[in-house]
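Reproduced below: final_14.csv, with CSV, N, CA, C and O atoms.
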```
chain,number,residue,atom,x,y,z
A,1,MET,N,246.7,314.5,1.2
A,1,MET,CA,246.1,315.7,0.5
A,1,MET,C,247.2,316.2,-0.5
A,1,MET,O,248.4,316.2,-0.2
A,2,THR,N,246.7,316.6,-1.6
A,2,THR,CA,247.5,317.1,-2.7
A,2,THR,C,247.0,318.5,-3.0
A,2,THR,O,245.9,318.7,-3.4
A,3,LEU,N,247.9,319.5,-2.9
A,3,LEU,CA,247.5,320.9,-3.3
A,3,LEU,C,247.7,321.0,-4.8
A,3,LEU,O,248.8,320.9,-5.3
A,4,LEU,N,246.6,321.2,-5.5
A,4,LEU,CA,246.6,321.3,-6.9
A,4,LEU,C,246.5,322.7,-7.5
A,4,LEU,O,246.2,322.9,-8.7
A,5,THR,N,246.8,323.6,-6.7
A,5,THR,CA,247.0,325.0,-7.1
A,5,THR,C,248.1,325.7,-6.5
A,5,THR,O,248.4,325.4,-5.3
A,6,ASP,N,248.8,326.5,-7.2
A,6,ASP,CA,249.9,327.3,-6.6
A,6,ASP,C,249.5,328.7,-6.4
A,6,ASP,O,250.3,329.6,-6.2
A,7,ASN,N,248.2,329.0,-6.6
A,7,ASN,CA,247.7,330.4,-6.5
A,7,ASN,C,247.6,330.7,-5.0
A,7,ASN,O,246.8,330.1,-4.3
A,8,PRO,N,248.4,331.6,-4.5
A,8,PRO,CA,248.4,331.9,-3.1
A,8,PRO,C,247.1,332.4,-2.5
A,8,PRO,O,246.7,332.2,-1.4
A,9,GLU,N,246.3,333.1,-3.3
A,9,GLU,CA,245.0,333.6,-2.9
A,9,GLU,C,244.0,332.4,-2.6
A,9,GLU,O,243.3,332.4,-1.7
A,10,ILE,N,244.0,331.5,-3.5
A,10,ILE,CA,243.2,330.3,-3.4
A,10,ILE,C,243.6,329.5,-2.2
A,10,ILE,O,242.8,329.1,-1.3
A,11,VAL,N,244.9,329.3,-2.0
A,11,VAL,CA,245.5,328.5,-0.9
A,11,VAL,C,245.1,329.2,0.4
A,11,VAL,O,244.6,328.5,1.3
A,12,ALA,N,245.2,330.5,0.5
A,12,ALA,CA,244.8,331.2,1.7
A,12,ALA,C,243.3,331.2,1.9
A,12,ALA,O,242.9,331.0,3.1
A,13,ALA,N,242.5,331.3,0.9
A,13,ALA,CA,241.1,331.3,1.0
A,13,ALA,C,240.6,329.9,1.5
A,13,ALA,O,239.6,329.8,2.3
A,14,MET,N,241.3,328.9,1.2
A,14,MET,CA,240.9,327.5,1.7
A,14,MET,C,241.5,327.3,3.1
A,14,MET,O,241.3,326.2,3.7
A,15,GLY,N,242.2,328.2,3.6
A,15,GLY,CA,242.8,328.1,5.0
A,15,GLY,C,244.0,327.1,5.0
A,15,GLY,O,244.4,326.6,6.1
A,16,MET,N,244.7,326.9,3.9
A,16,MET,CA,245.8,326.0,3.8
A,16,MET,C,247.1,326.6,3.8
A,16,MET,O,248.1,325.9,3.7
A,17,ALA,N,247.2,327.9,3.9
A,17,ALA,CA,248.5,328.6,3.8
A,17,ALA,C,249.5,328.1,4.9
A,17,ALA,O,250.7,328.2,4.7
A,18,GLU,N,249.0,327.7,6.1
A,18,GLU,CA,249.9,327.4,7.2
A,18,GLU,C,250.0,325.8,7.4
A,18,GLU,O,250.5,325.4,8.4
A,19,CYS,N,249.6,325.1,6.4
A,19,CYS,CA,249.6,323.6,6.5
A,19,CYS,C,250.9,323.0,6.0
A,19,CYS,O,251.1,321.8,6.2
A,20,GLY,N,251.8,323.7,5.5
A,20,GLY,CA,253.1,323.2,5.1
A,20,GLY,C,253.0,322.3,3.8
A,20,GLY,O,253.9,321.5,3.6
A,21,LEU,N,252.0,322.6,3.0
A,21,LEU,CA,251.8,321.8,1.8
A,21,LEU,C,252.6,322.3,0.6
A,21,LEU,O,252.9,323.5,0.6
A,22,THR,N,253.1,321.5,-0.3
A,22,THR,CA,253.8,321.9,-1.5
A,22,THR,C,253.0,321.5,-2.7
A,22,THR,O,252.4,320.4,-2.8
A,23,TYR,N,252.9,322.5,-3.6
A,23,TYR,CA,252.1,322.3,-4.8
A,23,TYR,C,252.4,321.0,-5.5
A,23,TYR,O,253.6,320.6,-5.7
A,24,ASN,N,251.4,320.2,-5.8
A,24,ASN,CA,251.4,319.0,-6.6
A,24,ASN,C,252.2,317.9,-5.9
A,24,ASN,O,252.7,316.9,-6.5
A,25,LEU,N,252.4,317.9,-4.6
A,25,LEU,CA,253.1,316.9,-3.8
A,25,LEU,C,252.1,316.4,-2.7
A,25,LEU,O,251.7,317.1,-1.8
A,26,GLU,N,251.8,315.1,-2.8
A,26,GLU,CA,250.9,314.5,-1.8
A,26,GLU,C,251.5,314.5,-0.4
A,26,GLU,O,252.7,314.3,-0.2
A,27,ALA,N,250.7,314.9,0.6
A,27,ALA,CA,251.1,314.9,2.0
A,27,ALA,C,250.1,314.2,2.9
A,27,ALA,O,248.9,314.4,2.6
A,28,ASP,N,250.6,313.5,3.9
A,28,ASP,CA,249.7,312.9,4.8
A,28,ASP,C,249.3,313.9,5.9
A,28,ASP,O,250.2,314.3,6.7
A,29,ILE,N,248.1,314.3,6.0
A,29,ILE,CA,247.6,315.2,7.1
A,29,ILE,C,246.8,314.5,8.2
A,29,ILE,O,246.2,315.1,9.0
A,30,SER,N,246.8,313.2,8.1
A,30,SER,CA,246.0,312.4,9.0
A,30,SER,C,246.3,312.6,10.5
A,30,SER,O,245.5,312.6,11.3
A,31,GLU,N,247.6,312.8,10.8
A,31,GLU,CA,248.0,312.9,12.2
A,31,GLU,C,247.9,314.4,12.7
A,31,GLU,O,247.6,314.6,13.8
A,32,THR,N,248.2,315.3,11.8
A,32,THR,CA,248.2,316.7,12.2
A,32,THR,C,247.0,317.5,11.9
A,32,THR,O,246.7,318.6,12.5
A,33,GLY,N,246.2,317.1,10.9
A,33,GLY,CA,245.1,317.9,10.4
A,33,GLY,C,245.6,319.0,9.5
A,33,GLY,O,246.8,319.2,9.4
A,34,CYS,N,244.7,319.7,8.9
A,34,CYS,CA,245.1,320.9,8.1
A,34,CYS,C,243.9,321.7,7.8
A,34,CYS,O,242.8,321.2,7.4
A,35,ALA,N,244.0,323.0,8.0
A,35,ALA,CA,242.9,323.9,7.8
A,35,ALA,C,241.7,323.5,8.5
A,35,ALA,O,241.7,323.3,9.7
A,36,ALA,N,240.6,323.2,7.8
A,36,ALA,CA,239.3,322.8,8.5
A,36,ALA,C,239.3,321.3,8.9
A,36,ALA,O,238.4,320.9,9.7
A,37,TRP,N,240.3,320.5,8.5
A,37,TRP,CA,240.3,319.1,8.8
A,37,TRP,C,241.1,318.8,10.0
A,37,TRP,O,242.3,319.2,10.1
A,38,ARG,N,240.5,318.1,10.9
A,38,ARG,CA,241.1,317.8,12.2
A,38,ARG,C,241.9,316.4,12.0
A,38,ARG,O,241.6,315.7,11.1
A,39,PRO,N,242.8,316.1,12.9
A,39,PRO,CA,243.5,314.8,12.8
A,39,PRO,C,242.4,313.7,12.8
A,39,PRO,O,241.4,313.8,13.4
A,40,VAL,N,242.8,312.6,12.1
A,40,VAL,CA,241.9,311.4,12.0
A,40,VAL,C,241.5,310.9,13.4
A,40,VAL,O,240.4,310.4,13.7
A,41,ALA,N,242.4,310.9,14.4
A,41,ALA,CA,242.2,310.4,15.7
A,41,ALA,C,241.0,311.2,16.4
A,41,ALA,O,240.3,310.7,17.2
A,42,GLU,N,240.9,312.5,16.0
A,42,GLU,CA,239.8,313.3,16.6
A,42,GLU,C,238.5,313.3,15.7
A,42,GLU,O,237.4,313.5,16.3
A,43,CYS,N,238.7,313.1,14.4
A,43,CYS,CA,237.5,313.2,13.5
A,43,CYS,C,237.8,312.2,12.4
A,43,CYS,O,238.5,312.6,11.4
A,44,GLY,N,237.2,311.0,12.4
A,44,GLY,CA,237.5,310.0,11.4
A,44,GLY,C,236.8,310.3,10.1
A,44,GLY,O,237.2,309.7,9.1
A,45,GLU,N,235.8,311.1,10.1
A,45,GLU,CA,235.1,311.4,8.9
A,45,GLU,C,234.7,312.9,8.9
A,45,GLU,O,234.4,313.5,9.9
A,46,ASP,N,234.7,313.5,7.7
A,46,ASP,CA,234.4,314.9,7.6
A,46,ASP,C,233.1,315.0,6.7
A,46,ASP,O,233.2,314.7,5.5
A,47,HIS,N,232.0,315.3,7.2
A,47,HIS,CA,230.7,315.3,6.5
A,47,HIS,C,230.4,316.7,5.9
A,47,HIS,O,229.5,317.3,6.3
A,48,ASP,N,231.2,317.1,5.0
A,48,ASP,CA,231.0,318.4,4.3
A,48,ASP,C,230.2,318.2,3.1
A,48,ASP,O,229.9,317.1,2.6
A,49,LEU,N,229.8,319.4,2.5
A,49,LEU,CA,229.1,319.4,1.2
A,49,LEU,C,230.1,319.9,0.2
A,49,LEU,O,231.1,320.6,0.5
A,50,PHE,N,229.9,319.5,-1.0
A,50,PHE,CA,230.8,319.9,-2.1
A,50,PHE,C,229.9,320.1,-3.3
A,50,PHE,O,229.0,319.2,-3.6
A,51,ALA,N,230.0,321.2,-4.0
A,51,ALA,CA,229.3,321.4,-5.3
A,51,ALA,C,230.2,322.0,-6.3
A,51,ALA,O,231.1,322.8,-5.9
A,52,MET,N,229.9,321.8,-7.5
A,52,MET,CA,230.7,322.4,-8.6
A,52,MET,C,229.8,322.6,-9.8
A,52,MET,O,228.9,321.8,-10.1
A,53,ASP,N,229.9,323.8,-10.3
A,53,ASP,CA,229.1,324.1,-11.5
A,53,ASP,C,230.0,325.0,-12.4
A,53,ASP,O,231.2,325.2,-12.2
A,54,ALA,N,229.4,325.6,-13.4
A,54,ALA,CA,230.1,326.4,-14.4
A,54,ALA,C,230.8,327.6,-13.7
A,54,ALA,O,231.8,328.2,-14.2
A,55,GLY,N,230.2,328.0,-12.5
A,55,GLY,CA,230.8,329.2,-11.8
A,55,GLY,C,231.9,328.9,-10.9
A,55,GLY,O,232.7,329.8,-10.6
A,56,GLY,N,232.1,327.6,-10.5
A,56,GLY,CA,233.2,327.3,-9.7
A,56,GLY,C,233.0,326.2,-8.7
A,56,GLY,O,232.1,325.3,-8.9
A,57,VAL,N,233.7,326.2,-7.6
A,57,VAL,CA,233.7,325.1,-6.6
A,57,VAL,C,233.1,325.7,-5.3
A,57,VAL,O,233.5,326.8,-4.9
A,58,TYR,N,232.3,325.0,-4.6
A,58,TYR,CA,231.7,325.4,-3.4
A,58,TYR,C,231.8,324.3,-2.3
A,58,TYR,O,231.7,323.1,-2.6
A,59,PHE,N,231.9,324.7,-1.0
A,59,PHE,CA,231.9,323.8,0.1
A,59,PHE,C,230.8,324.2,1.0
A,59,PHE,O,230.3,325.3,0.9
A,60,GLY,N,230.5,323.4,2.0
A,60,GLY,CA,229.5,323.7,3.0
A,60,GLY,C,229.9,324.7,4.0
A,60,GLY,O,231.1,324.9,4.3
A,61,VAL,N,228.9,325.4,4.6
A,61,VAL,CA,229.1,326.3,5.7
A,61,VAL,C,229.4,325.5,6.9
A,61,VAL,O,228.5,324.7,7.4
A,62,ARG,N,230.6,325.6,7.5
A,62,ARG,CA,230.9,324.8,8.7
A,62,ARG,C,230.4,325.5,9.9
A,62,ARG,O,230.4,326.7,10.0
A,63,PRO,N,230.0,324.8,10.9
A,63,PRO,CA,229.5,325.4,12.2
A,63,PRO,C,230.7,326.1,12.9
A,63,PRO,O,231.9,325.8,12.6
A,64,ALA,N,230.4,327.0,13.8
A,64,ALA,CA,231.4,327.7,14.5
A,64,ALA,C,232.4,326.8,15.2
A,64,ALA,O,233.6,327.2,15.3
A,65,ASP,N,232.0,325.7,15.7
A,65,ASP,CA,232.9,324.8,16.4
A,65,ASP,C,233.7,323.9,15.4
A,65,ASP,O,234.5,323.0,15.8
A,66,ASN,N,233.4,324.0,14.1
A,66,ASN,CA,234.1,323.3,13.1
A,66,ASN,C,233.9,321.8,13.1
A,66,ASN,O,234.6,321.0,12.5
A,67,ASP,N,232.9,321.3,13.8
A,67,ASP,CA,232.6,319.9,14.0
A,67,ASP,C,231.6,319.4,13.1
A,67,ASP,O,230.4,319.6,13.2
A,68,ILE,N,232.0,318.7,12.0
A,68,ILE,CA,231.1,318.0,11.1
A,68,ILE,C,231.6,316.6,11.0
A,68,ILE,O,231.6,316.0,9.9
A,69,CYS,N,231.9,316.0,12.1
A,69,CYS,CA,232.5,314.7,12.2
A,69,CYS,C,231.5,313.6,12.2
A,69,CYS,O,231.8,312.4,12.1
A,70,THR,N,230.2,313.9,12.3
A,70,THR,CA,229.1,312.9,12.3
A,70,THR,C,228.1,313.4,11.3
A,70,THR,O,227.9,314.6,11.0
A,71,PRO,N,227.3,312.4,10.7
A,71,PRO,CA,226.3,312.8,9.7
A,71,PRO,C,225.3,313.8,10.1
A,71,PRO,O,224.9,314.7,9.3
A,72,ASP,N,225.0,313.9,11.4
A,72,ASP,CA,224.0,314.8,11.8
A,72,ASP,C,224.5,316.3,11.9
A,72,ASP,O,223.8,317.2,12.0
A,73,ARG,N,225.8,316.4,11.7
A,73,ARG,CA,226.5,317.7,11.7
A,73,ARG,C,226.8,318.2,10.2
A,73,ARG,O,227.4,319.2,10.0
A,74,THR,N,226.3,317.5,9.2
A,74,THR,CA,226.5,317.9,7.8
A,74,THR,C,225.9,319.3,7.6
A,74,THR,O,224.8,319.5,7.9
A,75,PRO,N,226.7,320.2,6.9
A,75,PRO,CA,226.2,321.5,6.6
A,75,PRO,C,224.9,321.4,5.7
A,75,PRO,O,224.7,320.4,5.0
A,76,THR,N,224.1,322.4,5.8
A,76,THR,CA,222.8,322.4,5.0
A,76,THR,C,222.9,323.6,4.0
A,76,THR,O,221.9,323.7,3.3
A,77,ALA,N,223.9,324.3,4.0
A,77,ALA,CA,224.1,325.4,3.0
A,77,ALA,C,225.5,325.5,2.5
A,77,ALA,O,226.4,325.0,3.1
A,78,LEU,N,225.6,326.1,1.3
A,78,LEU,CA,226.9,326.2,0.7
A,78,LEU,C,227.5,327.6,1.0
A,78,LEU,O,226.8,328.6,1.0
A,79,LEU,N,228.9,327.6,1.1
A,79,LEU,CA,229.6,328.9,1.1
A,79,LEU,C,229.6,329.6,-0.3
A,79,LEU,O,229.3,328.9,-1.3
A,80,PRO,N,229.9,330.8,-0.4
A,80,PRO,CA,230.1,331.4,-1.7
A,80,PRO,C,231.2,330.7,-2.4
A,80,PRO,O,232.0,330.0,-1.8
A,81,VAL,N,231.3,330.8,-3.7
A,81,VAL,CA,232.3,330.1,-4.5
A,81,VAL,C,233.7,330.3,-3.9
A,81,VAL,O,234.0,331.4,-3.5
A,82,VAL,N,234.5,329.2,-3.8
A,82,VAL,CA,235.8,329.3,-3.2
A,82,VAL,C,236.9,329.3,-4.3
A,82,VAL,O,238.0,329.8,-4.1
A,83,ALA,N,236.5,328.8,-5.5
A,83,ALA,CA,237.4,328.9,-6.7
A,83,ALA,C,236.6,329.0,-7.9
A,83,ALA,O,235.7,328.2,-8.1
A,84,ARG,N,236.9,330.0,-8.7
A,84,ARG,CA,236.2,330.2,-10.0
A,84,ARG,C,237.1,329.6,-11.1
A,84,ARG,O,238.3,329.6,-11.1
A,85,PHE,N,236.4,329.0,-12.1
A,85,PHE,CA,237.0,328.5,-13.3
A,85,PHE,C,237.4,329.6,-14.2
A,85,PHE,O,236.7,330.6,-14.4
A,86,GLY,N,238.6,329.5,-14.9
A,86,GLY,CA,239.0,330.4,-15.9
A,86,GLY,C,239.6,331.7,-15.3
A,86,GLY,O,239.8,332.6,-16.1
A,87,GLU,N,239.8,331.7,-14.0
A,87,GLU,CA,240.4,333.0,-13.5
A,87,GLU,C,241.8,332.7,-13.0
A,87,GLU,O,242.2,331.7,-12.6
```

Show me this structure written as structure tokens.
Amino acid sequence: MTLLTDNPEIVAAMGMAECGLTYNLEADISETGCAAWRPVAECGEDHDLFAMDAGGVYFGVRPADNDICTPDRTPTALLPVVARFGE
């Protein structure tokens, strides 16, 4: 994973503030997981939604147990914008 923003508000909103990531430096999170992503040994695939439009970037609404490791658990709705362009 590569953190491509150094904006602390966006990093916190994405739940990545405690992941030990450094801006613009690739890090392997496969063993430890990070934020919503579990270690690969526990969840080999993350079936999330992603959308982007002129308003910003959106991800899927994750279930309470955070398990979207199989296609049948793919979110069906989007969260409010998590990052706006031009701000």

Find the residues near Val81 (chain A): any atom within 5 Å, counting all atoms listed in the file, skip ones fewer than 2 places away on the same chain, and give them as a list in words.
->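 The contact residues come out as Val57, Tyr58, Leu79 and Ala83 of chain A.
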
Tell me which protein, DNA and RNA residues are within 5 Å of region 71-77 of chain A, counting all atoms listed in the file, leaving out same-chain ones fewer than 3 positions away, and put them as a PyMOL selection string.
-> chain A and resi 47+59-61+67-68

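We find atom N of Asn66 (chain A) and atom C of Asp6 (chain A) to be spaced 26.5 Å apart.
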
For each of A:Ala36, A:Ala27, A:Val11, A:Met16, take the minimum atom-to-atom distance to Asp65 (chain A), counting only C-alpha atoms, then give the residue where this is smallest.
->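 Result for the nearest residue to Asp65 (chain A): A:Ala36.
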
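Across the structure, atom N of Cys43 (chain A) and atom C of Met14 (chain A) are spaced 18.4 Å apart.
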
Between atom O of Thr22 (chain A) and atom O of Ala35 (chain A), distance in Å (one decimal) =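 Taking atom O of Thr22 (chain A) and atom O of Ala35 (chain A), their separation equals 16.7 Å.
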
Neighbour residues at most 12 Å from (232.1, 325.6, -12.1) (only C-alpha atoms) as a ChimeraX atom specification | /A:50-58,81-87

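Nearest-residue note for Cys69 (chain A): choosing from A:Glu42, A:Glu31, A:Glu18, A:Glu26, the minimum distance belongs to A:Glu42, counting only N, CA, C and O atoms.
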
Looking only at alpha helix (DSSP H) from DSSP on the backbone, list the matching residues of chain A as a ChimeraX atom specification.
-> /A:8-13

Quick one: pick out all strand (DSSP E or B) residues within chain A from a backbone DSSP run and write them as an MDAnalysis selection string.
-> chainID A and resid 3 23 34 37 50:53 56:60 78 83
